[in-house]
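Peer 1: Shown below is the structure under consideration.
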Amino acid sequence: MDWGAPALVSSAAGPSYRDLCCYGAGIAGNVFAFVLFVSPLPTFKRIVRNGSTEQFSAMPYIYSLLNCLICMWYGLPFVSYGVVLVATVNSIGAVFQLAYTAVFIAYADAKERLKVSGLLAAVFVVFGLIMYVSLALLDHNTRQTFVGYLSVASLIFMFASPLSIINLVIRTKSVEYMPFYLSLSMFLMSVSFFIYGVLLHDFFIYIPNGIGTVLGIIQLLLYAYFRKGSKDEAKLPLLVTHT
């Protein structure tokens with residue numbers, strides 16, 4: 001099987017029904033991903049208001065930044081053809097994660113500021129190495145496979161977040177820290193990009209988003225089952241990234 005994503009070819013009469021479905025799914029995925037990207041805003045409003053990062057961690061934003069950068073690189077024509085909507089969603093995501101990290105650094109204490117700044121620098125060093133290796137040492141087909149597997153690995157690693165939330169809900173029998181609309185957005189985004197990847201026959205898109213779709217279904221089912229036992233809505237936005 002060819003894991004590469006063939007560009008959609010339209011006839012002289014215009015785009016086909018498959019083309020329209022593919023672009024529609026990709027655009028929908030971008031919209032739902034945007035909801036996830038803005039979900040930490042209340043947390044950072046609190047940080048700015050209080051002038052302190054309190055007990056919040058910058059690690060989710062650091063991990064998400066690296067993930068977005070890798071997936072953005074995969075979506076660019078230097079690496080893959082015909083998957084530009086993967087590049088757009090992850091470039092937007094990278095801007096949000098970088099902004100969140102910058103705010104965190106600005107309001108963290110000296111020790112935490114140094115730690116997070118070092119991690120941020122490490123993210124750009126790693127991404128720079130990925131760019132160098134993929135452009136200087138690999139041909140286009142090998143480059144797509146190399147970056148594709150990196151993107152799948154980073155996305156699967158990011159699934160530790162929803163898995164930990166699922167475990168928390170089962171253990172506490174409460175959906176207090178699993179906001180419904182955030183879970184719904186994650187599910188809809190994963191479904192959209194799963195369809196996008198299937199229509200493009202792109203293994204590197206539909207496999208991780210297929211996993212995300214399954215996790216999204218589990219979260220929604222758990223919400224339906226346990227919501228009567230939850231007294232409050234989620235107090236902290238939980239970050240989940242994907243593509």
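Each chain in the structure tokens gets a letter, A, B and so on, in the order shown; residues start at 1 in every chain, and ligands are counted from 1 in the order they appear.
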I want to know what sits within 8 Å of A:Phe104, based on only C-alpha atoms, with residues of the same chain fewer than 6 positions away left out; could you give that as number ranges by chain?
Peer 2: A: 44, 47, 53, 58, 113
Peer 1: Report as a VMD selection string all protein, DNA and RNA residues lying within 10 Å of A:Ile130, evaluated on only C-alpha atoms, omitting residues in the same chain fewer than 4 positions from it.
Peer 2: chain A and resid 70 73 124 to 126 134 to 136 143 146 to 147 150
Peer 1: Export all heavy atoms of the chosen residues as a CSV table (one decimal), in the first residue's frame?
Peer 2:
```csv
chain,number,residue,atom,x,y,z
A,70,ILE,N,5.4,19.3,14.2
A,70,ILE,CA,5.7,18.1,13.4
A,70,ILE,C,4.5,17.9,12.4
A,70,ILE,O,4.8,17.6,11.2
A,70,ILE,CB,5.9,16.9,14.3
A,70,ILE,CG1,7.1,17.0,15.1
A,70,ILE,CG2,5.9,15.6,13.5
A,70,ILE,CD1,7.3,16.0,16.2
A,73,TRP,N,4.6,20.4,9.6
A,73,TRP,CA,5.6,20.0,8.6
A,73,TRP,C,5.2,18.9,7.7
A,73,TRP,O,5.4,19.0,6.5
A,73,TRP,CB,6.9,19.7,9.4
A,73,TRP,CG,8.1,19.4,8.5
A,73,TRP,CD1,8.9,18.3,8.4
A,73,TRP,CD2,8.8,20.4,7.7
A,73,TRP,NE1,9.9,18.4,7.6
A,73,TRP,CE2,9.9,19.7,7.1
A,73,TRP,CE3,8.5,21.7,7.4
A,73,TRP,CZ2,10.8,20.4,6.2
A,73,TRP,CZ3,9.4,22.3,6.5
A,73,TRP,CH2,10.5,21.7,5.9
A,124,PHE,N,12.3,23.7,19.6
A,124,PHE,CA,12.8,24.3,18.3
A,124,PHE,C,14.0,23.6,17.8
A,124,PHE,O,14.2,23.5,16.6
A,124,PHE,CB,12.9,25.8,18.5
A,124,PHE,CG,11.6,26.5,18.5
A,124,PHE,CD1,11.2,27.1,19.7
A,124,PHE,CD2,10.8,26.6,17.4
A,124,PHE,CE1,10.0,27.8,19.8
A,124,PHE,CE2,9.6,27.3,17.5
A,124,PHE,CZ,9.2,27.9,18.6
A,125,VAL,N,14.9,23.2,18.7
A,125,VAL,CA,16.1,22.4,18.3
A,125,VAL,C,15.7,21.1,17.7
A,125,VAL,O,16.2,20.7,16.6
A,125,VAL,CB,17.1,22.2,19.5
A,125,VAL,CG1,18.1,21.2,19.1
A,125,VAL,CG2,17.7,23.5,19.9
A,126,VAL,N,14.8,20.4,18.3
A,126,VAL,CA,14.3,19.1,17.8
A,126,VAL,C,13.6,19.3,16.5
A,126,VAL,O,13.8,18.5,15.5
A,126,VAL,CB,13.3,18.4,18.8
A,126,VAL,CG1,12.6,17.2,18.2
A,126,VAL,CG2,14.1,18.0,20.0
A,134,SER,N,15.0,15.7,7.2
A,134,SER,CA,14.0,15.4,6.1
A,134,SER,C,14.3,16.1,4.8
A,134,SER,O,14.1,15.5,3.8
A,134,SER,CB,12.6,15.8,6.6
A,134,SER,OG,12.5,17.1,7.0
A,135,LEU,N,14.9,17.3,4.9
A,135,LEU,CA,15.2,18.0,3.6
A,135,LEU,C,16.6,17.7,3.0
A,135,LEU,O,16.7,17.5,1.8
A,135,LEU,CB,15.1,19.5,3.9
A,135,LEU,CG,13.7,20.1,4.1
A,135,LEU,CD1,13.8,21.6,4.4
A,135,LEU,CD2,12.9,19.9,2.9
A,136,ALA,N,17.6,17.5,3.9
A,136,ALA,CA,19.0,17.4,3.4
A,136,ALA,C,19.3,15.9,3.2
A,136,ALA,O,20.2,15.6,2.3
A,136,ALA,CB,19.9,18.0,4.4
A,143,ARG,N,11.1,11.0,2.9
A,143,ARG,CA,10.8,12.2,3.8
A,143,ARG,C,9.4,12.1,4.3
A,143,ARG,O,9.1,12.3,5.5
A,143,ARG,CB,11.0,13.5,3.0
A,143,ARG,CG,10.9,14.7,3.8
A,143,ARG,CD,11.0,16.0,2.9
A,143,ARG,NE,12.2,15.9,2.1
A,143,ARG,CZ,12.3,16.3,0.9
A,143,ARG,NH1,11.3,16.9,0.3
A,143,ARG,NH2,13.5,16.2,0.3
A,146,PHE,N,9.1,9.3,6.8
A,146,PHE,CA,9.8,9.6,8.0
A,146,PHE,C,9.0,10.6,8.9
A,146,PHE,O,8.8,10.3,10.1
A,146,PHE,CB,11.2,10.2,7.7
A,146,PHE,CG,11.9,10.9,8.8
A,146,PHE,CD1,12.4,10.1,9.8
A,146,PHE,CD2,12.1,12.3,8.9
A,146,PHE,CE1,13.1,10.7,10.9
A,146,PHE,CE2,12.8,12.9,9.9
A,146,PHE,CZ,13.3,12.1,10.9
A,147,VAL,N,8.6,11.7,8.3
A,147,VAL,CA,7.8,12.7,9.0
A,147,VAL,C,6.4,12.2,9.4
A,147,VAL,O,5.9,12.5,10.5
A,147,VAL,CB,7.7,14.0,8.2
A,147,VAL,CG1,6.9,15.1,9.0
A,147,VAL,CG2,9.1,14.6,7.9
A,150,LEU,N,6.7,10.1,12.5
A,150,LEU,CA,6.9,11.0,13.6
A,150,LEU,C,5.6,11.6,14.0
A,150,LEU,O,5.3,11.8,15.3
A,150,LEU,CB,8.0,12.1,13.3
A,150,LEU,CG,9.4,11.6,13.2
A,150,LEU,CD1,10.3,12.8,12.8
A,150,LEU,CD2,9.9,11.1,14.5
```
Peer 1: Identify, on the basis of only C-alpha atoms, every residue whose closest approach to A:Asn209 does not exceed 9 Å; exclude the query and any residue fewer than 5 positions from it along the same chain; express the result as a list in words.
Peer 2: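 In the requested format, the answer is Leu155, Met189, Ser190, Val191, Ser192, Phe193, Phe194, Ile195, Gly197, Phe204, Val214, His242 and Thr243 of chain A.
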Peer 1: Hey, can you check how far atom CA of A:Ser151 sits from atom CA of A:Leu76?
Peer 2: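 Rounded to one decimal, the two atoms are 12.8 Å apart.
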Peer 1: When distances are computed from only C-alpha atoms, which of A:Tyr206, A:Leu182, A:Phe56, A:Leu199 shows the smallest separation from A:Leu220?
Peer 2: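 When distances to A:Leu220 are compared using only C-alpha atoms, the smallest one comes from A:Leu182.
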Peer 1: Pick out the residues sitting within 10 Å of A:Leu215, and hand them over as a list of chain:residue names; count only C-alpha atoms, and ignore anything fewer than 5 positions along from it in its own chain.
Peer 2: A:Phe159, A:Pro162, A:Leu163, A:Ile166, A:Ser183, A:Met186, A:Phe187, A:Ser190, A:Asn209, A:Gly210, A:Leu220, A:Leu221
Peer 1: Using the selection just defined, write its residues with C-alpha atoms as a JSON list (two decimals), in the first residue's frame.
Peer 2:
```json
[["chain", "number", "residue", "atom", "x", "y", "z"],
["A", 159, "PHE", "CA", -3.59, 10.69, 23.56],
["A", 162, "PRO", "CA", -7.75, 11.95, 27.06],
["A", 163, "LEU", "CA", -6.75, 8.53, 28.44],
["A", 166, "ILE", "CA", -11.08, 8.75, 31.05],
["A", 183, "SER", "CA", -15.09, 16.21, 24.53],
["A", 186, "MET", "CA", -12.42, 16.47, 20.17],
["A", 187, "PHE", "CA", -14.71, 13.76, 18.82],
["A", 190, "SER", "CA", -11.12, 13.43, 15.07],
["A", 209, "ASN", "CA", -7.57, 10.27, 14.11],
["A", 210, "GLY", "CA", -9.31, 6.91, 14.10],
["A", 220, "LEU", "CA", -19.05, 10.94, 25.37],
["A", 221, "LEU", "CA", -20.44, 7.60, 26.57]]
```
